[in-house]
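Structure file input-v8.txt (compact mmCIF, C-alpha atoms and all ligand atoms) is printed below.
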# COMPACT_ATOMS: atom_id res chain seq x y z
CA MET A 28 -34.78 72.40 105.67
CA LEU A 29 -35.82 69.21 103.95
CA GLN A 30 -33.48 68.00 101.19
CA VAL A 31 -34.83 65.58 98.58
CA ASN A 32 -33.71 64.29 95.21
CA THR A 33 -36.80 62.63 93.75
CA ILE A 34 -39.76 64.11 91.91
CA ALA A 35 -42.14 62.07 94.07
CA ALA A 36 -40.75 63.52 97.32
CA VAL A 37 -41.07 67.15 96.11
CA ARG A 38 -44.62 66.56 94.92
CA GLU A 39 -45.61 64.93 98.22
CA GLN A 40 -44.33 67.86 100.31
CA VAL A 41 -45.73 70.61 98.07
CA ALA A 42 -49.12 68.84 97.89
CA ALA A 43 -49.20 68.69 101.71
CA TRP A 44 -48.58 72.47 101.90
CA HIS A 45 -51.21 73.19 99.26
CA ARG A 46 -53.76 70.92 101.02
CA VAL A 47 -53.73 73.21 104.06
CA GLY A 48 -53.99 76.32 101.87
CA ASP A 49 -50.34 77.43 102.09
CA THR A 50 -48.59 79.09 99.14
CA VAL A 51 -45.29 77.95 97.65
CA ALA A 52 -42.59 80.05 95.95
CA PHE A 53 -39.95 78.37 93.80
CA VAL A 54 -36.37 79.48 93.10
CA PRO A 55 -34.76 77.37 90.35
CA THR A 56 -30.94 77.51 90.36
CA MET A 57 -27.91 75.66 89.09
CA GLY A 58 -26.27 75.89 92.51
CA ASN A 59 -22.93 77.44 93.50
CA LEU A 60 -25.06 79.91 95.37
CA HIS A 61 -23.91 83.48 95.98
CA ALA A 62 -25.56 86.51 97.58
CA GLY A 63 -27.61 87.11 94.40
CA HIS A 64 -29.29 83.69 94.72
CA LEU A 65 -29.84 84.22 98.45
CA ALA A 66 -31.59 87.52 97.63
CA LEU A 67 -33.97 85.52 95.39
CA VAL A 68 -34.73 83.21 98.31
CA ALA A 69 -35.26 86.23 100.61
CA ALA A 70 -37.71 87.71 98.06
CA ALA A 71 -39.47 84.33 97.86
CA ARG A 72 -39.77 84.19 101.67
CA LYS A 73 -41.67 87.48 101.66
CA LEU A 74 -44.10 86.37 98.97
CA ALA A 75 -45.15 82.86 100.03
CA ASP A 76 -45.56 80.58 103.04
CA HIS A 77 -42.92 78.10 101.84
CA VAL A 78 -39.84 78.31 99.63
CA VAL A 79 -38.59 75.49 97.40
CA VAL A 80 -35.13 75.83 95.82
CA SER A 81 -33.85 73.50 93.11
CA ILE A 82 -30.20 72.89 92.32
CA PHE A 83 -29.72 71.24 88.97
CA VAL A 84 -26.97 71.89 86.45
CA ASN A 85 -29.05 71.35 83.35
CA PRO A 86 -27.03 69.67 80.58
CA LEU A 87 -29.66 70.56 77.98
CA GLN A 88 -28.89 74.29 78.14
CA PHE A 89 -25.12 73.98 77.61
CA GLY A 90 -23.61 73.85 74.11
CA PRO A 91 -20.98 71.20 73.26
CA ASN A 92 -18.08 73.64 73.83
CA GLU A 93 -19.49 75.34 76.91
CA ASP A 94 -18.66 74.99 80.60
CA PHE A 95 -21.04 72.17 81.65
CA ASP A 96 -18.20 69.97 82.95
CA ARG A 97 -16.37 72.72 84.82
CA TYR A 98 -19.53 74.45 86.13
CA PRO A 99 -18.91 74.59 89.91
CA ARG A 100 -20.86 71.99 91.89
CA THR A 101 -20.93 72.83 95.60
CA LEU A 102 -24.03 71.08 96.97
CA ALA A 103 -22.99 70.79 100.64
CA GLU A 104 -22.04 74.49 100.89
CA ASP A 105 -25.18 75.49 99.00
CA ALA A 106 -27.39 73.47 101.36
CA ALA A 107 -25.78 75.17 104.37
CA LYS A 108 -26.43 78.63 102.87
CA LEU A 109 -30.04 77.73 102.13
CA GLU A 110 -30.53 76.56 105.75
CA GLN A 111 -29.34 79.99 106.88
CA VAL A 112 -31.81 81.89 104.73
CA GLU A 113 -34.58 79.52 105.83
CA ALA A 114 -35.50 77.81 102.59
CA ASP A 115 -37.98 75.00 103.38
CA LEU A 116 -37.16 72.43 100.73
CA LEU A 117 -34.10 71.79 98.57
CA PHE A 118 -34.64 69.66 95.47
CA ALA A 119 -31.30 68.48 94.10
CA PRO A 120 -32.05 65.72 91.61
CA PRO A 121 -29.48 63.62 89.76
CA VAL A 122 -29.50 64.04 85.97
CA GLU A 123 -31.37 60.71 85.49
CA GLU A 124 -34.29 61.94 87.59
CA ILE A 125 -34.90 64.83 85.19
CA TYR A 126 -33.78 63.10 81.98
CA PRO A 127 -34.44 59.36 82.49
CA HIS A 128 -33.93 58.67 78.78
CA GLY A 129 -30.68 60.60 78.52
CA GLN A 130 -30.52 64.00 76.94
CA VAL A 131 -32.58 62.87 73.97
CA VAL A 132 -35.75 64.61 75.11
CA ALA A 133 -38.67 64.03 72.75
CA THR A 134 -40.70 67.00 73.93
CA LYS A 135 -38.97 70.36 74.02
CA VAL A 136 -40.24 73.85 74.72
CA ASP A 137 -39.28 76.48 72.17
CA VAL A 138 -40.20 80.12 72.68
CA PRO A 139 -39.39 81.82 69.39
CA GLY A 140 -39.25 85.61 69.24
CA VAL A 141 -37.80 86.63 72.60
CA SER A 142 -35.35 83.72 72.57
CA GLU A 143 -33.92 84.69 69.18
CA GLY A 144 -30.99 87.08 68.87
CA LEU A 145 -28.70 88.20 71.72
CA CYS A 146 -27.70 85.14 73.79
CA GLY A 147 -30.04 82.99 71.67
CA ALA A 148 -27.91 83.74 68.60
CA MET A 149 -24.61 83.21 70.42
CA ARG A 150 -25.71 80.01 72.21
CA PRO A 151 -27.81 77.92 69.78
CA GLY A 152 -30.25 75.66 71.64
CA HIS A 153 -29.62 77.36 74.99
CA PHE A 154 -33.11 78.78 75.52
CA VAL A 155 -34.82 75.58 74.37
CA GLY A 156 -32.78 73.86 77.11
CA VAL A 157 -33.74 76.49 79.66
CA ALA A 158 -37.45 76.59 78.76
CA THR A 159 -37.66 72.78 78.68
CA VAL A 160 -36.07 72.29 82.09
CA VAL A 161 -38.00 75.15 83.68
CA ALA A 162 -41.28 73.73 82.29
CA LYS A 163 -40.35 70.33 83.75
CA LEU A 164 -39.38 71.87 87.10
CA PHE A 165 -42.64 73.86 87.19
CA ASN A 166 -44.59 70.65 86.54
CA ILE A 167 -42.64 68.87 89.27
CA VAL A 168 -42.83 71.58 91.94
CA GLN A 169 -46.18 73.15 90.95
CA PRO A 170 -45.41 76.43 92.72
CA ASP A 171 -47.73 79.42 93.01
CA LEU A 172 -44.93 81.75 92.06
CA ALA A 173 -41.36 81.50 90.80
CA ILE A 174 -38.48 83.92 91.26
CA PHE A 175 -35.76 84.68 88.71
CA GLY A 176 -32.87 87.15 88.68
CA GLU A 177 -33.01 90.06 86.24
CA LYS A 178 -29.34 89.53 85.42
CA ASP A 179 -30.48 86.86 82.95
CA PHE A 180 -32.94 89.30 81.41
CA GLN A 181 -33.56 87.41 78.17
CA GLN A 182 -34.11 84.20 80.15
CA LEU A 183 -36.66 85.99 82.33
CA GLN A 184 -38.57 87.21 79.24
CA VAL A 185 -38.46 83.70 77.71
CA ILE A 186 -39.94 82.23 80.91
CA ARG A 187 -42.62 84.95 81.14
CA LYS A 188 -43.65 84.28 77.54
CA MET A 189 -43.67 80.50 78.03
CA VAL A 190 -45.85 80.76 81.15
CA ASN A 191 -48.24 83.11 79.37
CA ASP A 192 -48.43 81.12 76.13
CA LEU A 193 -48.88 77.76 77.90
CA CYS A 194 -51.34 79.15 80.51
CA MET A 195 -49.19 77.95 83.41
CA PRO A 196 -50.82 79.17 86.64
CA ILE A 197 -47.56 80.55 88.05
CA GLU A 198 -46.70 84.17 88.81
CA ILE A 199 -43.19 85.06 87.60
CA VAL A 200 -41.29 87.56 89.73
CA GLY A 201 -38.03 89.23 88.62
CA VAL A 202 -35.52 90.41 91.25
CA SER A 203 -32.91 93.11 90.60
CA THR A 204 -29.30 92.18 90.03
CA MET A 205 -26.88 92.27 92.96
CA ARG A 206 -23.54 93.90 92.17
CA GLU A 207 -20.01 94.15 93.51
CA ALA A 208 -18.73 97.62 94.50
CA ASP A 209 -17.41 98.29 90.95
CA GLY A 210 -20.75 97.30 89.43
CA LEU A 211 -19.90 93.74 88.32
CA ALA A 212 -23.07 91.65 88.47
CA LEU A 213 -22.79 88.69 90.86
CA SER A 214 -22.46 85.45 88.91
CA SER A 215 -21.12 81.98 89.58
CA ARG A 216 -18.92 82.46 86.52
CA ASN A 217 -17.04 85.44 88.06
CA GLN A 218 -14.81 82.97 89.88
CA TYR A 219 -13.32 81.92 86.52
CA LEU A 220 -11.79 85.43 86.16
CA SER A 221 -8.07 85.94 86.80
CA THR A 222 -7.07 88.83 89.11
CA GLU A 223 -6.29 91.01 86.11
CA GLU A 224 -9.56 90.16 84.37
CA ARG A 225 -11.49 90.77 87.56
CA SER A 226 -9.99 94.25 87.83
CA LYS A 227 -11.44 95.09 84.38
CA ALA A 228 -14.77 93.29 84.67
CA GLY A 229 -16.67 96.19 86.29
CA MET A 230 -16.31 98.09 83.04
CA LEU A 231 -19.17 96.08 81.57
CA TYR A 232 -21.64 97.73 83.93
CA GLN A 233 -19.92 101.12 83.57
CA GLN A 234 -20.52 100.96 79.79
CA LEU A 235 -24.18 100.09 80.38
CA ARG A 236 -24.53 103.08 82.72
CA ALA A 237 -22.75 105.41 80.30
CA ALA A 238 -25.05 104.33 77.43
CA ALA A 239 -28.14 104.68 79.65
CA ASP A 240 -27.07 108.22 80.61
CA GLN A 241 -26.68 109.24 76.96
CA LEU A 242 -29.79 107.54 75.60
CA SER A 243 -32.25 110.42 75.93
CA GLU A 244 -29.93 112.79 73.99
CA ARG A 245 -29.03 110.37 71.21
CA ASP A 246 -31.07 109.66 68.10
CA ASP A 247 -28.90 106.98 66.63
CA PHE A 248 -28.97 103.98 68.95
CA SER A 249 -26.87 101.84 66.61
CA THR A 250 -23.95 104.31 66.78
CA LEU A 251 -24.18 104.28 70.56
CA GLU A 252 -24.09 100.45 70.46
CA SER A 253 -21.03 100.46 68.18
CA GLU A 254 -19.21 102.97 70.37
CA ALA A 255 -19.79 100.81 73.45
CA MET A 256 -18.61 97.68 71.57
CA LYS A 257 -15.44 99.52 70.56
CA ALA A 258 -14.78 100.78 74.10
CA LEU A 259 -15.13 97.23 75.44
CA HIS A 260 -12.92 95.83 72.71
CA ASP A 261 -10.25 98.48 73.39
CA ALA A 262 -10.32 97.54 77.09
CA GLY A 263 -9.53 93.90 76.29
CA PHE A 264 -13.03 92.36 76.15
CA GLU A 265 -14.35 90.37 73.20
CA PRO A 266 -17.83 91.83 73.07
CA GLU A 267 -20.56 89.62 71.54
CA TYR A 268 -23.31 92.20 71.58
CA PHE A 269 -24.23 95.52 73.13
CA ALA A 270 -27.87 96.08 72.27
CA ILE A 271 -30.54 98.66 73.06
CA ARG A 272 -33.87 96.83 73.00
CA ASN A 273 -37.56 97.09 73.77
CA ALA A 274 -37.73 95.60 77.27
CA GLU A 275 -40.76 93.44 76.53
CA THR A 276 -40.20 92.14 73.00
CA LEU A 277 -36.38 92.42 73.00
CA LEU A 278 -36.65 93.80 69.46
CA PRO A 279 -34.42 96.77 68.62
CA ALA A 280 -35.68 99.87 70.45
CA GLU A 281 -37.27 102.61 68.35
CA LYS A 282 -37.11 106.33 69.10
CA ASP A 283 -40.57 106.16 70.72
CA THR A 284 -39.93 103.01 72.82
CA SER A 285 -40.42 104.01 76.44
CA GLU A 286 -39.47 100.81 78.32
CA LEU A 287 -35.96 99.85 77.27
CA VAL A 288 -33.26 97.45 78.26
CA ILE A 289 -29.61 97.65 77.30
CA LEU A 290 -28.01 94.21 77.21
CA VAL A 291 -24.39 93.21 76.90
CA ALA A 292 -22.47 89.96 76.55
CA ALA A 293 -18.69 89.89 76.36
CA ARG A 294 -15.87 87.46 76.87
CA LEU A 295 -13.01 88.30 79.14
CA GLY A 296 -10.35 85.62 78.63
CA ASN A 297 -12.25 82.33 78.85
CA THR A 298 -15.17 83.76 80.80
CA ARG A 299 -18.42 84.86 79.22
CA LEU A 300 -20.12 87.65 81.15
CA ILE A 301 -23.60 89.10 80.61
CA ASP A 302 -25.35 92.07 82.14
CA ASN A 303 -28.16 94.52 81.43
CA ILE A 304 -29.80 97.67 82.65
CA SER A 305 -33.49 98.59 82.30
CA LEU A 306 -34.74 102.12 81.96
CA SER A 307 -37.87 104.11 81.21
CA LEU A 308 -37.55 107.02 78.80
CA VAL A 309 -40.04 109.78 79.49
CA LYS A 310 -40.95 111.29 76.09
O1 LIG A 401 -30.60 80.77 85.62
C1 LIG A 401 -30.31 79.58 85.88
O2 LIG A 401 -29.63 79.29 86.87
C2 LIG A 401 -30.80 78.47 84.97
O3 LIG A 401 -30.83 78.89 83.65
C3 LIG A 401 -32.15 77.89 85.41
C4 LIG A 401 -33.26 78.92 85.33
C5 LIG A 401 -32.06 77.34 86.83
C6 LIG A 401 -32.55 76.73 84.48
O4 LIG A 401 -31.61 75.72 84.49

Would you encode the structure as C-alpha cells?
Amino acid sequence: MLQVNTIAAVREQVAAWHRVGDTVAFVPTMGNLHAGHLALVAAARKLADHVVVSIFVNPLQFGPNEDFDRYPRTLAEDAAKLEQVEADLLFAPPVEEIYPHGQVVATKVDVPGVSEGLCGAMRPGHFVGVATVVAKLFNIVQPDLAIFGEKDFQQLQVIRKMVNDLCMPIEIVGVSTMREADGLALSSRNQYLSTEERSKAGMLYQQLRAAADQLSERDDFSTLESEAMKALHDAGFEPEYFAIRNAETLLPAEKDTSELVILVAARLGNTRLIDNISLSLVK
C-alpha cells in the first residue's frame, strides 16, 4: 500500500490508474479504524480495481465544544489494518494540505433540506463541514465511486444530494452498519464509554428494533417517538431525538410513506451515540 500526504501525489497515482482504464473506489474516513471501516474497504475492493482510503480528522465538522481534540488519532495502527485488507493508497494529509488558509474557508458546500433537523439541528455547521471536506476530497481523489457507512444515515443522504445537485460523476454506495453482539453500532466513539455505560449502550439499537416492530400497527408515529425517548431517558440516556422519517427526504414519515428510517441520537455520559434502522412498510 502506498501512503501519501499531498494532494499532488494522490492525483498522480489516481490519474495513472485512470489512464490505463482502471476504476477507483474511495473510502473517506477520520481514522481510528474498526471492523466497520474495514467492511467499507472490503466493499470497495469488490466494486473497483483500486481502493483509496483517506484519513483526515476534519476540524470544519466539529463544533467548538465537541471532541476534535480528543478524537483518537492512530495513524500507524490504521495503516497496518489497511495493508491487511489490501487498500492500494492511503491519503493522510496534514490539516494545512486541506485548509492552507486555516479554517476560514471562503467556499463552503451547504445542502439545505436533508442536512436540517436531526444531527443538523443538534450540531450547527456540522454538515456544512462534512459536505465541504467531502467535496474537496472528491475533487482531490476523483474516484469513480465512494463508499460510506449507513450508520451516519443523514450524512449519507447529504452526500447523495450534494453529488446529485452538483453533477459530480461519482457513484455513492452505502454499506450496512456493523454491530456488536448486543446491537451497538461500531463507532470510534464507543471507546469513550465507561464499563457501566457500555453495558447499557446496546439499548439504543433495541429501542430502534422495538419501534420498527410496532410501526405497522401504530397510527401515531409521534407517540411512538415519545415513548422511545422516555424509555431511553429512564435507562439513563439523554436522548436528543428519536425520529421516524422518510428515508429519502428525512422529513417526518406520513402514514403512506413506504421507505422509512428511524434515527436516534442520545448521550450516554460524555459520549454522543447515533444509530438508525431502515425499513420498508408494505401497505
Ligand atoms: O464519516 C466520517 O468519518 C466523516 O464525516 C467523513 C465522511 C470522513 C468526512 O470527514

Would you tabulate, counting only C-alpha atoms, all residues of stretch 65-138 of chain A that have an atom at most 9 Å from an atom of stretch 160-167 of chain A, showing the closest pair of atoms and their distance in Å to one decimal, sorted by chain then ascending number, as JSON lines?
{"residue": "A:Ser81", "atom": "CA", "partner": "A:Leu164", "partner_atom": "CA", "distance": 8.3}
{"residue": "A:Asn85", "atom": "CA", "partner": "A:Val160", "partner_atom": "CA", "distance": 7.2}
{"residue": "A:Leu87", "atom": "CA", "partner": "A:Val160", "partner_atom": "CA", "distance": 7.8}
{"residue": "A:Gln88", "atom": "CA", "partner": "A:Val160", "partner_atom": "CA", "distance": 8.4}
{"residue": "A:Ile125", "atom": "CA", "partner": "A:Lys163", "partner_atom": "CA", "distance": 7.9}
{"residue": "A:Lys135", "atom": "CA", "partner": "A:Val160", "partner_atom": "CA", "distance": 8.8}
{"residue": "A:Val136", "atom": "CA", "partner": "A:Ala162", "partner_atom": "CA", "distance": 7.6}

How about saving the chosen residues, C-alpha atoms kept, as an mmCIF file, keeping the file's coordinate frame?
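And here is the file that came out, part.cif:
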data_model
loop_
_atom_site.group_PDB
_atom_site.id
_atom_site.type_symbol
_atom_site.label_atom_id
_atom_site.label_comp_id
_atom_site.auth_asym_id
_atom_site.auth_seq_id
_atom_site.Cartn_x
_atom_site.Cartn_y
_atom_site.Cartn_z
ATOM 1 C CA SER A 81 -33.850 73.500 93.110
ATOM 2 C CA ASN A 85 -29.050 71.350 83.350
ATOM 3 C CA LEU A 87 -29.660 70.560 77.980
ATOM 4 C CA GLN A 88 -28.890 74.290 78.140
ATOM 5 C CA ILE A 125 -34.900 64.830 85.190
ATOM 6 C CA LYS A 135 -38.970 70.360 74.020
ATOM 7 C CA VAL A 136 -40.240 73.850 74.720
#

Find the nearest atom pair between each residue of chain A and ligand LIG 401 (chain A) for residues within 8 Å, count all atoms listed in the file, give distances in Å to one decimal, sort rows by chain and ascending number, and present the table as JSON lines.
{"residue": "A:Val54", "atom": "CA", "partner": "A:LIG401", "partner_atom": "C5", "distance": 7.9}
{"residue": "A:Pro55", "atom": "CA", "partner": "A:LIG401", "partner_atom": "C5", "distance": 4.4}
{"residue": "A:Thr56", "atom": "CA", "partner": "A:LIG401", "partner_atom": "C5", "distance": 3.7}
{"residue": "A:Met57", "atom": "CA", "partner": "A:LIG401", "partner_atom": "O2", "distance": 4.6}
{"residue": "A:Gly58", "atom": "CA", "partner": "A:LIG401", "partner_atom": "O2", "distance": 7.4}
{"residue": "A:Ser81", "atom": "CA", "partner": "A:LIG401", "partner_atom": "C5", "distance": 7.6}
{"residue": "A:Ile82", "atom": "CA", "partner": "A:LIG401", "partner_atom": "C5", "distance": 7.3}
{"residue": "A:Phe83", "atom": "CA", "partner": "A:LIG401", "partner_atom": "O4", "distance": 6.6}
{"residue": "A:Val84", "atom": "CA", "partner": "A:LIG401", "partner_atom": "O4", "distance": 6.3}
{"residue": "A:Asn85", "atom": "CA", "partner": "A:LIG401", "partner_atom": "O4", "distance": 5.2}
{"residue": "A:Gln88", "atom": "CA", "partner": "A:LIG401", "partner_atom": "O4", "distance": 7.1}
{"residue": "A:Gly156", "atom": "CA", "partner": "A:LIG401", "partner_atom": "O4", "distance": 7.7}
{"residue": "A:Val157", "atom": "CA", "partner": "A:LIG401", "partner_atom": "C6", "distance": 5.0}
{"residue": "A:Ala158", "atom": "CA", "partner": "A:LIG401", "partner_atom": "C6", "distance": 7.5}
{"residue": "A:Val160", "atom": "CA", "partner": "A:LIG401", "partner_atom": "O4", "distance": 6.1}
{"residue": "A:Val161", "atom": "CA", "partner": "A:LIG401", "partner_atom": "C6", "distance": 5.7}
{"residue": "A:Phe175", "atom": "CA", "partner": "A:LIG401", "partner_atom": "C4", "distance": 7.1}
{"residue": "A:Gly176", "atom": "CA", "partner": "A:LIG401", "partner_atom": "O1", "distance": 7.4}
{"residue": "A:Asp179", "atom": "CA", "partner": "A:LIG401", "partner_atom": "O1", "distance": 6.7}
{"residue": "A:Gln182", "atom": "CA", "partner": "A:LIG401", "partner_atom": "O3", "distance": 7.2}

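You can rank A:Asn297, A:Val51, A:Leu29, A:Leu60 by their closest distance to A:Ala173 using only C-alpha atoms, and at the top of that list sits A:Val51.
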
Contact residues around A:Leu117 with all atoms listed in the file at 7 Å, ignoring same-chain residues under 2 positions, as a short mmCIF file (atom, residue, chain, number, x, y, z; two decimals) with C-alpha atoms, keeping the file's coordinate frame:
data_model
loop_
_atom_site.label_atom_id
_atom_site.label_comp_id
_atom_site.auth_asym_id
_atom_site.auth_seq_id
_atom_site.Cartn_x
_atom_site.Cartn_y
_atom_site.Cartn_z
CA LEU A 29 -35.82 69.21 103.95
CA GLN A 30 -33.48 68.00 101.19
CA VAL A 31 -34.83 65.58 98.58
CA VAL A 79 -38.59 75.49 97.40
CA VAL A 80 -35.13 75.83 95.82
CA SER A 81 -33.85 73.50 93.11
CA ASP A 115 -37.98 75.00 103.38
CA ALA A 119 -31.30 68.48 94.10
#

Nearest to A:Asn273, chosen from A:Thr50, A:Gln181, A:Thr222, A:Ser214, with all atoms listed in the file counted in the distances: A:Gln181
